[in-house]
Amino acid sequence: MDNNTQGDTIDLYGDEEIIEVIDLNDMDPEPDDLADDLEDIDFEDAGNEGDDEGWETEDEMEAEQDDSELTFSKHKGSVFCVSLDPATNSMAVTGGEDDKAYVWRVSDGEVLLECTGHKDSVTCAVFSHDSSMVASGDMGGLIKVWKIETKEEIWSFEVADLEWLEWHPCAAVLLAGTDDGNMWMWKIPSGECKTFQSAASQATCGKVLPDGKRAVVGYEDGTVRVWDLKQGNAAHVIKGQDGHRGALTCLSCNKDGSLVLTGSVDGFAKLINTATGKVVGQYSLDVGKVKPSQHDEEPNSIESVGFCNMLPLVAVAYLDGTLGVYDLSSQVMRHRCQHEAGIVHLQWEDSSSVVSTCCLDGALRLWDARTGSIMAEYHGHSAEILNFAINREGTFAVTASGDNQSKVFCLQRPDR
């Protein structure tokens, strides 16, 4: 295919040690400007096994009580992903092992759209920035886009095995990462396409930065690339001594996109300045004691990372059940919040210092990052929670679980 675009990569390293976090003060561009910038991109026309039996100890994990307000049980297999629509937070989309995605109303569970035609487990399902469209992607690489109002499929495309899928923050542009190392970008529904190639290493995670002009992608070989979406080249490549020693598992950016936090199977989270491409911080458990894993040992993989919007804190979730809350600048751990099972995902509330976690033990927990104490714990699933989403106000959460169900939990707290 002749629509691949690859730019020169710049490998930025210096001998000097950077110890201060650099903040960018540039004003964010207006959404209309970002959409105009995307119009200038030189798009070229392009042609147009997920077996998960659930957690082994599922039978031992009978929920003693169900704290949820609503249970969505249309899926006939494990529910792998869930997202809330960004415009109103009134709709959820869930994707599952049954090769389907459902768009449903959070208030009463009514199905608004059934996304069918997939050939494998639906592992990615996300709303467009204006909530007018939803994209569903399966493990085999088949991606479909649906118009919610008319309930019609308006676009589809097939790539290599799909790793992640994300909409642009303010334009009808869809991005995806695949196991052949490519990042794809399409205009929807025209399908004009651009690809961003790297070495043949899985593009395991990715995110469009808030400025809408760059995307950060993490790869299986430990490399992180900051892509210029308009020029089609990698503005920065982080690898080698400053990079990760194992596959990237997750990444997150702060509110203005000046900083990115990456997590890896190597047990380290790295803080990267997106303007310079420099690693300006590093977080780990037992700093200085982490040794290369032996062939028969599993490293303490990082599963999820995130920035607090209200305080200079970051959270890092580990497979051994540790939630580390760190000081952003000093990299000192403020609190160590222990879970009895591995953490799958974390999410900070938009306007508070509360961080929530979902776990392999099937519980959703809320933690006060100022004190490190647990604030609330919600039960109801009979298997592991694989993903969850919280609305902007922090008043409810929607979960996806290996018990074939999605649940809505009302997050009541004394401070509300």
# chains A, B, ... in the order shown; residues from 1 in each chain; ligands from 1

$ residues_around --residues "range 63-79 of chain A" --least-positions-apart "5" --cutoff "8 Å" --atoms "only C-alpha atoms" --output "number ranges by chain"
A: 52-54, 94-98, 100, 108-109, 378-382, 386, 400-410

$ residues_around --residues "Met133 in chain A" --least-positions-apart "5" --cutoff "8 Å" --atoms "only C-alpha atoms" --output "ChimeraX atom specification"
/A:127-128,145-148

$ write_last_selection --atoms "N, CA and C atoms" --output "PDB file, in the first residue's frame"
ATOM      1  N   PHE A 127     -16.654   6.806  21.771  1.00  0.00           N
ATOM      2  CA  PHE A 127     -17.478   7.844  21.157  1.00  0.00           C
ATOM      3  C   PHE A 127     -16.612   8.933  20.536  1.00  0.00           C
ATOM      4  N   SER A 128     -17.125   9.546  19.471  1.00  0.00           N
ATOM      5  CA  SER A 128     -16.463  10.719  18.893  1.00  0.00           C
ATOM      6  C   SER A 128     -16.606  11.901  19.850  1.00  0.00           C
ATOM      7  N   VAL A 145     -17.541   2.243  12.197  1.00  0.00           N
ATOM      8  CA  VAL A 145     -18.036   3.497  12.767  1.00  0.00           C
ATOM      9  C   VAL A 145     -19.526   3.594  12.483  1.00  0.00           C
ATOM     10  N   TRP A 146     -20.266   3.974  13.516  1.00  0.00           N
ATOM     11  CA  TRP A 146     -21.722   4.025  13.450  1.00  0.00           C
ATOM     12  C   TRP A 146     -22.192   5.435  13.782  1.00  0.00           C
ATOM     13  N   LYS A 147     -23.229   5.876  13.074  1.00  0.00           N
ATOM     14  CA  LYS A 147     -23.881   7.135  13.403  1.00  0.00           C
ATOM     15  C   LYS A 147     -25.001   6.822  14.380  1.00  0.00           C
ATOM     16  N   ILE A 148     -24.937   7.389  15.555  1.00  0.00           N
ATOM     17  CA  ILE A 148     -25.856   6.998  16.617  1.00  0.00           C
ATOM     18  C   ILE A 148     -27.287   7.412  16.316  1.00  0.00           C
TER      19      ILE A 148
END

$ residues_around --residues "Ala363 in chain A" --least-positions-apart "2" --cutoff "10 Å" --atoms "only C-alpha atoms" --output "list in words"
Ala63, His339, Ala341, Ile343, Thr357, Cys358, Cys359, Leu360, Asp361, Arg365, Glu377, Tyr378, His379, Gly380, His381, Ser382, Ala383, Glu384, Ile385 and Thr399 of chain A

$ write_last_selection --atoms "N, CA and C atoms" --output "PDB file, in the first residue's frame"
ATOM      1  N   ALA A  63     -20.389 -12.567  44.823  1.00  0.00           N
ATOM      2  CA  ALA A  63     -20.626 -11.264  45.436  1.00  0.00           C
ATOM      3  C   ALA A  63     -21.632 -11.407  46.571  1.00  0.00           C
ATOM      4  N   HIS A 339      -4.088  -3.449  47.435  1.00  0.00           N
ATOM      5  CA  HIS A 339      -5.252  -4.250  47.072  1.00  0.00           C
ATOM      6  C   HIS A 339      -4.882  -5.724  47.235  1.00  0.00           C
ATOM      7  N   ALA A 341      -5.737  -8.044  45.177  1.00  0.00           N
ATOM      8  CA  ALA A 341      -5.547  -8.634  43.848  1.00  0.00           C
ATOM      9  C   ALA A 341      -5.021  -7.554  42.910  1.00  0.00           C
ATOM     10  N   ILE A 343      -4.469  -4.730  40.147  1.00  0.00           N
ATOM     11  CA  ILE A 343      -5.275  -3.607  39.666  1.00  0.00           C
ATOM     12  C   ILE A 343      -5.268  -3.622  38.143  1.00  0.00           C
ATOM     13  N   THR A 357     -10.072   2.743  41.463  1.00  0.00           N
ATOM     14  CA  THR A 357      -9.402   1.585  40.894  1.00  0.00           C
ATOM     15  C   THR A 357     -10.402   0.449  40.706  1.00  0.00           C
ATOM     16  N   CYS A 358     -10.173  -0.356  39.658  1.00  0.00           N
ATOM     17  CA  CYS A 358     -10.905  -1.610  39.528  1.00  0.00           C
ATOM     18  C   CYS A 358      -9.897  -2.743  39.570  1.00  0.00           C
ATOM     19  N   CYS A 359     -10.362  -3.902  40.009  1.00  0.00           N
ATOM     20  CA  CYS A 359      -9.440  -4.922  40.459  1.00  0.00           C
ATOM     21  C   CYS A 359      -9.867  -6.311  39.978  1.00  0.00           C
ATOM     22  N   LEU A 360      -8.915  -7.233  40.008  1.00  0.00           N
ATOM     23  CA  LEU A 360      -9.207  -8.615  39.651  1.00  0.00           C
ATOM     24  C   LEU A 360     -10.104  -9.303  40.670  1.00  0.00           C
ATOM     25  N   ASP A 361     -10.312  -8.695  41.835  1.00  0.00           N
ATOM     26  CA  ASP A 361     -11.215  -9.285  42.825  1.00  0.00           C
ATOM     27  C   ASP A 361     -12.663  -8.853  42.613  1.00  0.00           C
ATOM     28  N   ARG A 365     -13.012   0.602  43.924  1.00  0.00           N
ATOM     29  CA  ARG A 365     -12.641   1.316  45.145  1.00  0.00           C
ATOM     30  C   ARG A 365     -12.302   2.770  44.855  1.00  0.00           C
ATOM     31  N   GLU A 377     -16.036   1.400  48.802  1.00  0.00           N
ATOM     32  CA  GLU A 377     -15.776   0.153  48.104  1.00  0.00           C
ATOM     33  C   GLU A 377     -17.105  -0.382  47.593  1.00  0.00           C
ATOM     34  N   TYR A 378     -17.138  -0.764  46.325  1.00  0.00           N
ATOM     35  CA  TYR A 378     -18.388  -1.190  45.701  1.00  0.00           C
ATOM     36  C   TYR A 378     -18.249  -2.606  45.161  1.00  0.00           C
ATOM     37  N   HIS A 379     -19.240  -3.435  45.492  1.00  0.00           N
ATOM     38  CA  HIS A 379     -19.254  -4.826  45.052  1.00  0.00           C
ATOM     39  C   HIS A 379     -20.513  -5.114  44.240  1.00  0.00           C
ATOM     40  N   GLY A 380     -20.495  -6.232  43.552  1.00  0.00           N
ATOM     41  CA  GLY A 380     -21.658  -6.635  42.758  1.00  0.00           C
ATOM     42  C   GLY A 380     -21.289  -7.576  41.635  1.00  0.00           C
ATOM     43  N   HIS A 381     -20.048  -7.518  41.172  1.00  0.00           N
ATOM     44  CA  HIS A 381     -19.605  -8.419  40.111  1.00  0.00           C
ATOM     45  C   HIS A 381     -19.126  -9.746  40.691  1.00  0.00           C
ATOM     46  N   SER A 382     -19.328 -10.815  39.939  1.00  0.00           N
ATOM     47  CA  SER A 382     -18.886 -12.139  40.362  1.00  0.00           C
ATOM     48  C   SER A 382     -17.601 -12.560  39.663  1.00  0.00           C
ATOM     49  N   ALA A 383     -16.988 -11.648  38.935  1.00  0.00           N
ATOM     50  CA  ALA A 383     -15.698 -11.895  38.277  1.00  0.00           C
ATOM     51  C   ALA A 383     -14.924 -10.590  38.251  1.00  0.00           C
ATOM     52  N   GLU A 384     -13.750 -10.622  37.665  1.00  0.00           N
ATOM     53  CA  GLU A 384     -12.883  -9.451  37.645  1.00  0.00           C
ATOM     54  C   GLU A 384     -13.518  -8.296  36.868  1.00  0.00           C
ATOM     55  N   ILE A 385     -13.242  -7.063  37.320  1.00  0.00           N
ATOM     56  CA  ILE A 385     -13.624  -5.876  36.556  1.00  0.00           C
ATOM     57  C   ILE A 385     -12.475  -5.571  35.596  1.00  0.00           C
ATOM     58  N   THR A 399     -19.008  -0.047  34.860  1.00  0.00           N
ATOM     59  CA  THR A 399     -17.960  -1.064  34.852  1.00  0.00           C
ATOM     60  C   THR A 399     -18.178  -2.077  33.727  1.00  0.00           C
TER      61      THR A 399
END

$ select_by_dssp --residues "range 184-294 of chain A" --states "strand (DSSP E or B)" --output "ChimeraX atom specification"
/A:184-187,193-196,203-208,214-219,224-228,234-238,248-253,259-264,269-273,278-283

$ write_last_selection --atoms "N, CA and C atoms" --output "compact mmCIF listing (two decimals), in the first residue's frame"
# COMPACT_ATOMS: atom_id res chain seq x y z
N TRP A 184 -2.58 4.33 12.56
CA TRP A 184 -3.43 4.74 11.44
C TRP A 184 -4.24 5.96 11.83
N MET A 185 -4.54 6.80 10.84
CA MET A 185 -5.40 7.96 11.07
C MET A 185 -6.33 8.13 9.87
N TRP A 186 -7.65 8.19 10.16
CA TRP A 186 -8.64 8.32 9.09
C TRP A 186 -9.54 9.53 9.33
N LYS A 187 -9.93 10.17 8.23
CA LYS A 187 -11.05 11.11 8.29
C LYS A 187 -12.34 10.30 8.15
N CYS A 193 -6.89 8.45 4.46
CA CYS A 193 -6.06 7.71 5.41
C CYS A 193 -4.62 8.18 5.41
N LYS A 194 -3.99 8.06 6.56
CA LYS A 194 -2.57 8.33 6.70
C LYS A 194 -2.03 7.31 7.70
N THR A 195 -0.85 6.77 7.43
CA THR A 195 -0.24 5.83 8.36
C THR A 195 1.10 6.36 8.86
N PHE A 196 1.41 5.99 10.09
CA PHE A 196 2.65 6.40 10.74
C PHE A 196 3.39 5.13 11.09
N ALA A 203 2.31 -1.41 18.39
CA ALA A 203 1.94 -0.10 18.93
C ALA A 203 0.93 -0.36 20.04
N THR A 204 1.40 -0.61 21.26
CA THR A 204 0.56 -1.16 22.32
C THR A 204 -0.40 -0.16 22.96
N CYS A 205 -0.07 1.13 22.94
CA CYS A 205 -0.96 2.13 23.54
C CYS A 205 -0.72 3.47 22.86
N GLY A 206 -1.71 4.33 22.88
CA GLY A 206 -1.55 5.62 22.22
C GLY A 206 -2.59 6.62 22.68
N LYS A 207 -2.27 7.90 22.52
CA LYS A 207 -3.20 8.96 22.91
C LYS A 207 -2.92 10.21 22.11
N VAL A 208 -3.99 10.86 21.65
CA VAL A 208 -3.87 12.16 21.00
C VAL A 208 -3.75 13.22 22.09
N ARG A 214 -0.60 16.46 17.98
CA ARG A 214 0.40 15.42 18.23
C ARG A 214 -0.27 14.22 18.88
N ALA A 215 0.37 13.07 18.71
CA ALA A 215 -0.07 11.86 19.38
C ALA A 215 1.15 11.18 19.98
N VAL A 216 0.99 10.58 21.14
CA VAL A 216 2.06 9.83 21.79
C VAL A 216 1.72 8.35 21.70
N VAL A 217 2.67 7.55 21.25
CA VAL A 217 2.45 6.11 21.08
C VAL A 217 3.55 5.33 21.79
N GLY A 218 3.15 4.29 22.52
CA GLY A 218 4.10 3.40 23.17
C GLY A 218 4.15 2.07 22.44
N TYR A 219 5.32 1.45 22.44
CA TYR A 219 5.54 0.24 21.63
C TYR A 219 6.03 -0.92 22.49
N VAL A 224 8.98 5.03 23.02
CA VAL A 224 7.86 5.97 23.01
C VAL A 224 8.13 6.98 21.90
N ARG A 225 7.12 7.24 21.07
CA ARG A 225 7.25 8.23 19.99
C ARG A 225 6.19 9.31 20.14
N VAL A 226 6.62 10.55 19.94
CA VAL A 226 5.70 11.69 19.87
C VAL A 226 5.56 12.05 18.40
N TRP A 227 4.39 11.79 17.83
CA TRP A 227 4.16 11.99 16.40
C TRP A 227 3.56 13.35 16.12
N ASP A 228 4.05 14.01 15.08
CA ASP A 228 3.44 15.22 14.54
C ASP A 228 2.40 14.78 13.52
N ALA A 234 7.97 11.57 13.39
CA ALA A 234 8.13 11.47 14.84
C ALA A 234 8.99 12.64 15.31
N ALA A 235 8.39 13.54 16.07
CA ALA A 235 9.13 14.70 16.57
C ALA A 235 10.13 14.28 17.63
N HIS A 236 9.79 13.28 18.42
CA HIS A 236 10.69 12.79 19.46
C HIS A 236 10.59 11.28 19.55
N VAL A 237 11.71 10.64 19.83
CA VAL A 237 11.76 9.19 20.07
C VAL A 237 12.49 8.98 21.38
N ILE A 238 11.84 8.30 22.32
CA ILE A 238 12.44 8.05 23.63
C ILE A 238 12.74 6.55 23.71
N LEU A 248 5.48 -1.24 26.55
CA LEU A 248 4.59 -0.23 27.12
C LEU A 248 3.20 -0.85 27.31
N THR A 249 2.59 -0.58 28.45
CA THR A 249 1.25 -1.09 28.73
C THR A 249 0.20 0.00 28.77
N CYS A 250 0.60 1.24 29.08
CA CYS A 250 -0.37 2.31 29.28
C CYS A 250 0.35 3.65 29.23
N LEU A 251 -0.42 4.69 28.97
CA LEU A 251 0.11 6.05 29.05
C LEU A 251 -1.02 7.03 29.27
N SER A 252 -0.67 8.19 29.81
CA SER A 252 -1.65 9.22 30.09
C SER A 252 -0.96 10.57 30.00
N CYS A 253 -1.72 11.61 29.71
CA CYS A 253 -1.14 12.96 29.65
C CYS A 253 -1.82 13.86 30.66
N LEU A 259 2.99 17.10 29.60
CA LEU A 259 3.66 15.95 30.20
C LEU A 259 2.90 14.67 29.88
N VAL A 260 3.64 13.60 29.67
CA VAL A 260 3.05 12.27 29.47
C VAL A 260 3.67 11.32 30.47
N LEU A 261 2.84 10.48 31.07
CA LEU A 261 3.31 9.45 31.98
C LEU A 261 3.10 8.10 31.31
N THR A 262 4.16 7.29 31.23
CA THR A 262 4.10 6.00 30.56
C THR A 262 4.34 4.88 31.57
N GLY A 263 3.68 3.75 31.36
CA GLY A 263 3.86 2.58 32.22
C GLY A 263 4.26 1.38 31.39
N SER A 264 5.03 0.47 32.01
CA SER A 264 5.59 -0.65 31.27
C SER A 264 5.61 -1.91 32.12
N ALA A 269 7.43 3.72 35.70
CA ALA A 269 6.64 4.75 35.03
C ALA A 269 7.57 5.92 34.76
N LYS A 270 7.51 6.46 33.56
CA LYS A 270 8.41 7.55 33.20
C LYS A 270 7.60 8.79 32.81
N LEU A 271 8.12 9.93 33.27
CA LEU A 271 7.49 11.22 32.99
C LEU A 271 8.26 11.89 31.85
N ILE A 272 7.56 12.20 30.77
CA ILE A 272 8.20 12.73 29.56
C ILE A 272 7.65 14.11 29.25
N ASN A 273 8.56 15.06 28.99
CA ASN A 273 8.16 16.38 28.53
C ASN A 273 7.91 16.30 27.02
N LYS A 278 12.29 14.79 26.49
CA LYS A 278 13.18 14.36 27.56
C LYS A 278 12.39 13.67 28.69
N VAL A 279 13.01 12.64 29.27
CA VAL A 279 12.46 12.01 30.47
C VAL A 279 12.83 12.88 31.67
N VAL A 280 11.84 13.42 32.35
CA VAL A 280 12.08 14.36 33.44
C VAL A 280 11.70 13.79 34.80
N GLY A 281 11.31 12.52 34.83
CA GLY A 281 10.96 11.90 36.10
C GLY A 281 10.78 10.41 35.92
N GLN A 282 10.90 9.68 37.04
CA GLN A 282 10.74 8.22 36.99
C GLN A 282 10.15 7.75 38.31
N TYR A 283 9.19 6.84 38.24
CA TYR A 283 8.50 6.35 39.43
C TYR A 283 8.56 4.83 39.45

$ closest_residue --among "A:Leu285, A:Ala369, A:Ile374, A:Cys170" --to "Pro312 in chain A" --atoms "only C-alpha atoms"
A:Ala369

$ residues_around --residues "range 347-355 of chain A" --least-positions-apart "3" --cutoff "7 Å" --atoms "only C-alpha atoms" --output "number ranges by chain"
A: 306, 308-311, 366-370, 392, 394

$ atom_distance --atom1 "CA of Gly181 in chain A" --atom2 "CA of Ser258 in chain A"
24.6 Å
